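Asks: File my_file-v6.cif below, mmCIF, C-alpha atoms:
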```
data_start
#
loop_
_atom_site.label_atom_id
_atom_site.label_comp_id
_atom_site.auth_asym_id
_atom_site.auth_seq_id
_atom_site.Cartn_x
_atom_site.Cartn_y
_atom_site.Cartn_z
CA MET S 24 -20.05 -34.77 4.05
CA ARG S 25 -16.32 -35.00 4.86
CA ILE S 26 -15.48 -33.24 1.60
CA LEU S 27 -17.89 -30.43 2.46
CA ILE S 28 -16.36 -29.98 5.93
CA PHE S 29 -12.85 -29.98 4.46
CA THR S 30 -13.85 -27.34 1.91
CA ILE S 31 -15.32 -25.15 4.64
CA LEU S 32 -12.15 -25.45 6.73
CA ILE S 33 -9.98 -24.45 3.79
CA HIS S 34 -12.24 -21.46 3.11
CA MET S 35 -12.01 -20.42 6.77
CA ALA S 36 -8.22 -20.65 6.66
CA CYS S 37 -8.14 -18.24 3.74
CA ILE S 38 -10.39 -15.82 5.62
CA LEU S 39 -8.58 -15.98 8.95
CA GLY S 40 -5.19 -15.25 7.50
CA ILE S 41 -1.84 -16.58 6.42
CA LYS S 42 0.10 -18.87 8.71
CA ALA S 43 3.22 -17.31 10.23
CA SER S 44 5.12 -20.54 9.61
CA GLU S 45 4.55 -20.37 5.85
CA PRO S 46 6.91 -18.73 3.35
CA ILE S 47 5.45 -15.32 2.50
CA ASN S 48 5.57 -13.28 -0.71
CA ILE S 49 4.69 -9.58 -0.63
CA VAL S 50 3.99 -7.32 -3.60
CA PHE S 51 4.09 -3.64 -2.65
CA ILE S 52 1.78 -1.54 -4.83
CA GLY S 53 2.22 2.19 -4.42
CA ASN S 54 3.70 5.49 -5.51
CA SER S 55 6.98 7.34 -4.90
CA ILE S 56 6.69 6.82 -1.13
CA THR S 57 6.62 3.06 -1.66
CA PHE S 58 9.33 3.30 -4.32
CA GLY S 59 11.66 5.26 -2.02
CA ALA S 60 11.96 8.66 -3.71
CA THR S 61 14.56 11.05 -2.22
CA LEU S 62 16.40 8.12 -0.60
CA ALA S 63 19.84 6.79 -1.50
CA GLY S 64 18.31 3.65 -2.99
CA GLN S 65 15.41 1.23 -2.76
CA ASP S 66 17.19 -0.62 0.02
CA GLU S 67 16.19 2.33 2.20
CA SER S 68 12.55 2.41 1.05
CA ALA S 69 9.67 1.88 3.47
CA ALA S 70 8.85 -1.33 1.58
CA ASN S 71 12.29 -2.77 2.29
CA ARG S 72 12.23 -1.47 5.85
CA SER S 73 8.88 -3.12 6.51
CA VAL S 74 10.29 -6.48 5.37
CA GLU S 75 13.25 -5.97 7.72
CA ALA S 76 10.79 -5.24 10.55
CA LEU S 77 8.79 -8.37 9.72
CA LYS S 78 11.93 -10.49 9.79
CA ALA S 79 12.82 -8.99 13.16
CA LYS S 80 9.40 -10.18 14.35
CA GLY S 81 10.28 -13.74 13.36
CA LEU S 82 8.95 -13.98 9.80
CA ASP S 83 12.25 -15.09 8.28
CA ASP S 84 11.10 -16.65 5.02
CA ILE S 85 9.93 -13.58 3.05
CA ASP S 86 10.43 -12.60 -0.56
CA PHE S 87 9.01 -9.40 -2.02
CA ALA S 88 8.74 -7.06 -4.97
CA ASN S 89 8.60 -3.27 -4.74
CA CYS S 90 6.16 -2.17 -7.44
CA GLY S 91 5.96 1.43 -6.26
CA VAL S 92 6.08 3.93 -9.13
CA CYS S 93 6.66 7.66 -8.76
CA GLY S 94 3.54 9.66 -9.57
CA ALA S 95 1.26 6.62 -9.61
CA THR S 96 -2.46 6.87 -8.82
CA THR S 97 -5.22 4.30 -8.42
CA VAL S 98 -6.05 5.06 -12.06
CA ASP S 99 -2.57 3.94 -13.12
CA PHE S 100 -3.08 0.65 -11.27
CA LEU S 101 -6.53 -0.15 -12.68
CA PRO S 102 -6.54 -3.49 -14.55
CA ALA S 103 -8.11 -1.77 -17.57
CA THR S 104 -5.16 0.61 -17.78
CA ALA S 105 -3.04 -2.48 -18.46
CA THR S 106 0.26 -0.94 -17.38
CA LEU S 107 1.25 -0.78 -13.72
CA TYR S 108 -1.34 -3.37 -12.73
CA ASN S 109 0.12 -5.83 -15.21
CA ASN S 110 3.57 -5.22 -13.75
CA ALA S 111 2.31 -6.00 -10.25
CA VAL S 112 0.61 -9.19 -11.45
CA ALA S 113 3.77 -10.27 -13.26
CA ALA S 114 5.82 -9.60 -10.11
CA ALA S 115 3.42 -11.72 -8.05
CA ARG S 116 3.59 -14.61 -10.50
CA ASP S 117 7.36 -14.42 -10.58
CA LEU S 118 7.56 -14.51 -6.78
CA MET S 119 5.16 -17.44 -6.53
CA SER S 120 7.00 -19.40 -9.22
CA ARG S 121 10.34 -19.30 -7.40
CA HIS S 122 9.27 -18.97 -3.78
CA LYS S 123 6.30 -21.19 -3.01
CA GLY S 124 4.18 -19.80 -0.21
CA SER S 125 1.43 -17.35 0.66
CA LEU S 126 0.87 -14.09 -1.17
CA ILE S 127 0.16 -10.62 0.21
CA PHE S 128 -0.50 -7.50 -1.83
CA GLN S 129 0.09 -4.28 0.08
CA ILE S 130 -1.63 -1.27 -1.49
CA SER S 131 -0.65 2.25 -0.47
CA LEU S 132 -2.14 4.75 -2.92
CA GLY S 133 -3.90 8.09 -2.65
CA THR S 134 -1.25 10.80 -2.44
CA ASN S 135 -1.18 11.46 -6.17
CA ASP S 136 -4.91 10.85 -6.55
CA SER S 137 -5.45 13.80 -4.20
CA ALA S 138 -3.45 16.26 -6.31
CA CYS S 139 -5.31 19.15 -7.89
CA SER S 140 -3.58 18.49 -11.20
CA GLY S 141 -0.69 16.56 -12.67
CA PRO S 142 -0.88 12.79 -11.99
CA LEU S 143 -3.11 10.58 -14.14
CA GLY S 144 -6.77 11.01 -13.19
CA SER S 145 -6.18 13.67 -10.56
CA PRO S 146 -8.05 15.00 -8.82
CA VAL S 147 -9.72 11.69 -8.01
CA LEU S 148 -12.91 12.26 -6.04
CA PRO S 149 -13.52 10.13 -2.93
CA GLN S 150 -16.21 7.91 -4.45
CA GLN S 151 -14.03 7.23 -7.50
CA TYR S 152 -11.05 6.51 -5.23
CA TYR S 153 -13.20 3.92 -3.44
CA THR S 154 -14.36 2.41 -6.74
CA ASN S 155 -10.82 2.24 -8.17
CA LEU S 156 -9.49 0.46 -5.09
CA LYS S 157 -12.42 -1.95 -5.09
CA VAL S 158 -11.76 -2.87 -8.72
CA ILE S 159 -8.06 -3.46 -7.97
CA ILE S 160 -8.82 -5.51 -4.85
CA ASP S 161 -11.48 -7.64 -6.57
CA ASP S 162 -9.29 -8.36 -9.59
CA LEU S 163 -6.26 -9.32 -7.50
CA SER S 164 -8.44 -11.55 -5.32
CA ALA S 165 -9.88 -13.28 -8.38
CA SER S 166 -6.51 -13.67 -10.08
CA PHE S 167 -4.78 -14.99 -6.95
CA PRO S 168 -7.31 -16.98 -4.88
CA GLY S 169 -6.28 -17.17 -1.24
CA CYS S 170 -4.13 -14.04 -1.36
CA ARG S 171 -4.52 -11.32 1.23
CA ILE S 172 -4.78 -7.60 0.59
CA VAL S 173 -3.21 -5.17 3.03
CA LEU S 174 -4.63 -1.68 2.53
CA GLN S 175 -2.64 1.18 4.03
CA TYR S 176 -3.73 4.77 4.64
CA PRO S 177 -1.66 7.40 2.77
CA ILE S 178 0.55 9.60 4.93
CA TRP S 179 0.43 13.34 5.57
CA TYR S 180 2.10 15.90 3.31
CA SER S 181 2.54 19.62 3.91
CA PRO S 182 -0.25 21.89 2.57
CA ASN S 183 2.23 23.83 0.42
CA THR S 184 3.30 20.73 -1.54
CA TYR S 185 3.71 21.78 -5.15
CA ASN S 186 6.38 20.18 -7.32
CA GLY S 187 5.66 18.95 -10.84
CA ALA S 188 2.09 18.42 -9.63
CA VAL S 189 -0.16 20.77 -7.68
CA TYR S 190 -1.25 19.43 -4.28
CA LEU S 191 -1.54 22.34 -1.78
CA LYS S 192 -4.18 22.51 0.96
CA ALA S 193 -7.01 21.45 -1.35
CA GLY S 194 -5.09 18.27 -2.11
CA LEU S 195 -4.42 17.53 1.53
CA ASP S 196 -8.10 18.04 2.35
CA ARG S 197 -9.00 15.67 -0.48
CA LEU S 198 -6.51 13.12 0.82
CA LYS S 199 -8.22 13.15 4.22
CA SER S 200 -11.60 12.71 2.51
CA TYR S 201 -10.34 9.31 1.31
CA PHE S 202 -10.18 7.99 4.87
CA PRO S 203 -13.92 7.19 5.13
CA MET S 204 -13.61 5.37 1.79
CA LEU S 205 -10.82 3.20 3.20
CA GLU S 206 -12.90 2.52 6.30
CA ARG S 207 -15.79 1.55 4.06
CA LEU S 208 -13.62 -0.95 2.22
CA GLY S 209 -12.34 -2.27 5.53
CA CYS S 210 -15.91 -2.94 6.67
CA GLU S 211 -17.06 -4.44 3.38
CA TYR S 212 -14.14 -6.88 3.22
CA ALA S 213 -13.85 -7.52 6.96
CA ASP S 214 -14.85 -11.17 6.61
CA LYS S 215 -12.91 -11.72 3.41
CA ASN S 216 -9.27 -11.20 2.50
CA LEU S 217 -8.51 -7.58 3.42
CA THR S 218 -6.59 -6.12 6.34
CA LEU S 219 -6.88 -2.35 6.83
CA GLY S 220 -4.15 -0.23 8.38
CA SER S 221 -4.66 2.85 10.53
CA THR S 222 -4.11 6.60 10.39
CA ALA S 223 -1.23 6.32 12.87
CA ALA S 224 1.42 6.95 10.20
CA PHE S 225 -0.47 9.99 8.87
CA ASP S 226 -0.60 11.46 12.39
CA PHE S 227 3.04 10.62 13.05
CA PHE S 228 4.41 12.48 10.04
CA LYS S 229 2.04 15.39 10.57
CA ASP S 230 3.53 15.91 14.02
CA LYS S 231 7.16 15.04 13.17
CA ILE S 232 8.20 16.62 9.88
CA GLU S 233 11.84 15.99 10.82
CA TYR S 234 11.19 12.47 9.48
CA LEU S 235 10.32 13.90 6.05
CA THR S 236 12.66 15.19 3.35
CA PRO S 237 12.59 18.97 2.83
CA GLU S 238 12.15 19.64 -0.90
CA ASP S 239 12.20 22.87 -2.87
CA GLY S 240 8.88 23.54 -4.57
CA ASN S 241 6.89 26.23 -6.33
CA ALA S 242 5.31 27.30 -3.02
CA GLY S 243 8.39 27.03 -0.83
CA VAL S 244 10.02 24.11 0.95
CA PHE S 245 7.52 21.26 1.22
CA TYR S 246 7.40 17.87 2.95
CA LEU S 247 6.08 14.81 1.15
CA HIS S 248 8.55 11.91 1.16
CA PRO S 249 10.00 10.18 4.23
CA ASN S 250 13.74 10.57 4.72
CA ALA S 251 15.89 7.57 5.69
CA ALA S 252 14.78 7.65 9.33
CA GLY S 253 11.18 8.27 8.27
CA ALA S 254 11.23 5.27 5.93
CA VAL S 255 12.23 3.10 8.88
CA ARG S 256 9.30 4.41 10.91
CA LEU S 257 6.86 4.04 8.02
CA GLY S 258 8.17 0.51 7.47
CA ASP S 259 7.37 -0.23 11.12
CA PHE S 260 3.80 1.05 10.69
CA TRP S 261 3.35 -1.05 7.56
CA ALA S 262 4.80 -4.14 9.23
CA GLU S 263 2.28 -3.84 12.06
CA THR S 264 -0.59 -4.07 9.58
CA ILE S 265 1.02 -6.89 7.58
CA MET S 266 1.45 -8.86 10.80
CA LYS S 267 -2.32 -8.69 11.31
CA ALA S 268 -2.72 -10.51 8.00
CA VAL S 269 -0.46 -13.28 9.22
CA ASP S 270 -2.02 -15.77 11.61
#
```
What would the structure in this file look like if it were written as structure tokens?
Replies:
Amino acid sequence: MRILIFTILIHMACILGIKASEPINIVFIGNSITFGATLAGQDESAANRSVEALKAKGLDDIDFANCGVCGATTVDFLPATATLYNNAVAAARDLMSRHKGSLIFQISLGTNDSACSGPLGSPVLPQQYYTNLKVIIDDLSASFPGCRIVLQYPIWYSPNTYNGAVYLKAGLDRLKSYFPMLERLGCEYADKNLTLGSTAAFDFFKDKIEYLTPEDGNAGVFYLHPNAAGAVRLGDFWAETIMKAVD
């Protein structure tokens, strides 16, 4: 009976979250926005900035890996693709081997999925976007029992975005159609290991393009990637969600 009660308590601890007093490892899974494209270096990326924000909130013992890859989609990160997913898994194992503690995977994907053409798998339809994320979440959860998944909403980009890939208004509309899929995942995993972000960052960048880098494109100057100040703000948004995963 005591063993059963102990097992239940351990299970509840995994569900309720990671203790703030524990060392924390974070693997950032994402695209060029996670990577830090257009910035002077990865030290300025939103991933790095979110860790700085977390440390400012008192979570001092954090190690992390930025596994953001320019142009990446949910298709690139599928376990069956055996490329970017394997890199993220290897990064997690490396972190856990040298920095014992809890493990968080932050996933921020969707921008490149929404493109009309260019990135692998694009355009990814909403139902497939949901399925891809579910496969990634389930495999990470099975491979790293007790880990938490932090799922972020993608941020706004201008409807004339057209660089090596074609996004435009159709892409932006498709991006917004992913939001109900993210909400669906948030509901389905509400009592498990997933913490869902909000659309606050999307709304912020939509209203304040001065926090985005102006880039020359095939349909004029477009806005897609946060600039240095924008990466700080995005890092703050991400840190708020990560904090919810920490008890």
Asks: Apply the PyMOL selection byres ((chain S and resi 92-95) around 10) to the structure shown and report the selected residues as a list of chain:residue names.
Replies: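 Output from the PyMOL selection byres ((chain S and resi 92-95) around 10), applied to this file: S:Ile52, S:Gly53, S:Asn54, S:Ser55, S:Ile56, S:Thr57, S:Phe58, S:Gly59, S:Ala60, S:Asn89, S:Cys90, S:Gly91, S:Thr96, S:Thr97, S:Val98, S:Asp99, S:Phe100, S:Leu107, S:Leu132, S:Gly133, S:Thr134, S:Asn135, S:Asp136, S:Gly141, S:Pro142, S:Leu143, S:Gly144, S:Gly187, S:Ala188.
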Asks: Going by the chain IDs and residue numbers used in this file, which residues fall under the PyMOL selection byres ((chain S and resi 232-235) around 7)? Write them as a VMD selection string.
Replies: chain S and resid 228 to 231 236 to 237 246 to 250 252 to 253
Asks: Calculate how many Å separate atom CA of S:Phe87 from atom CA of S:Phe167, rounding to one decimal.
Replies: 15.7 Å
Asks: Using the chain letters and numbers from the file, which residues does the PyMOL selection byres ((chain S and resi 121-129) around 7) grab, as a list of chain:residue names?
Replies: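 Applying the PyMOL selection byres ((chain S and resi 121-129) around 7) to the structure shown produces S:Ile41, S:Glu45, S:Pro46, S:Ile47, S:Asn48, S:Ile49, S:Val50, S:Phe51, S:Ile52, S:Asp117, S:Leu118, S:Met119, S:Ser120, S:Ile130, S:Ser131, S:Cys170, S:Arg171, S:Ile172, S:Val173, S:Leu174.
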Asks: Give the answer as one residue: which of S:Ala88, S:Leu77, S:Arg207, S:Pro177 has the shortest atom-to-atom distance to S:Ala268, using all atoms listed in the file?
Replies: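 The answer is S:Leu77, which sits nearest to S:Ala268.
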Asks: Anything within 8 Å of (-7.0, 5.4, -0.4): list those residues as a PyMOL selection string, counting all atoms listed in the file and sticking to the file's coordinates.
Replies: chain S and resi 131-133+152-153+156+175-177+198+201-202+204-205
Asks: Could you list, as a VMD selection string, every residue within 10 Å of S:Cys139, counting all atoms listed in the file and ignoring same-chain residues fewer than 4 positions away?
Replies: chain S and resid 135 144 to 147 185 188 to 195 197
Asks: Mind giving me the straight-line distance from atom CA of S:Gly240 to atom CA of S:Asn183 in Å, one decimal?
Replies: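 Straight-line distance from atom CA of S:Gly240 to atom CA of S:Asn183 works out to 8.3 Å.
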Asks: Would you please work out which residue, of S:Lys199, S:Arg72, S:Arg256, S:Lys267, is nearest to S:Leu217 when using only C-alpha atoms?
Replies: S:Lys267
Asks: For atom CA of S:Thr264 and atom CA of S:Gly220, determine how far apart the two atoms are, in Å to one decimal place.
Replies: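 Calculated distance between atom CA of S:Thr264 and atom CA of S:Gly220 is 5.4 Å.
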Asks: Would you mind telling me which residue in S:Ser73, S:Ala114, S:Asn241, S:Leu101 lies nearest to S:Thr154 when using only C-alpha atoms?
Replies: S:Leu101
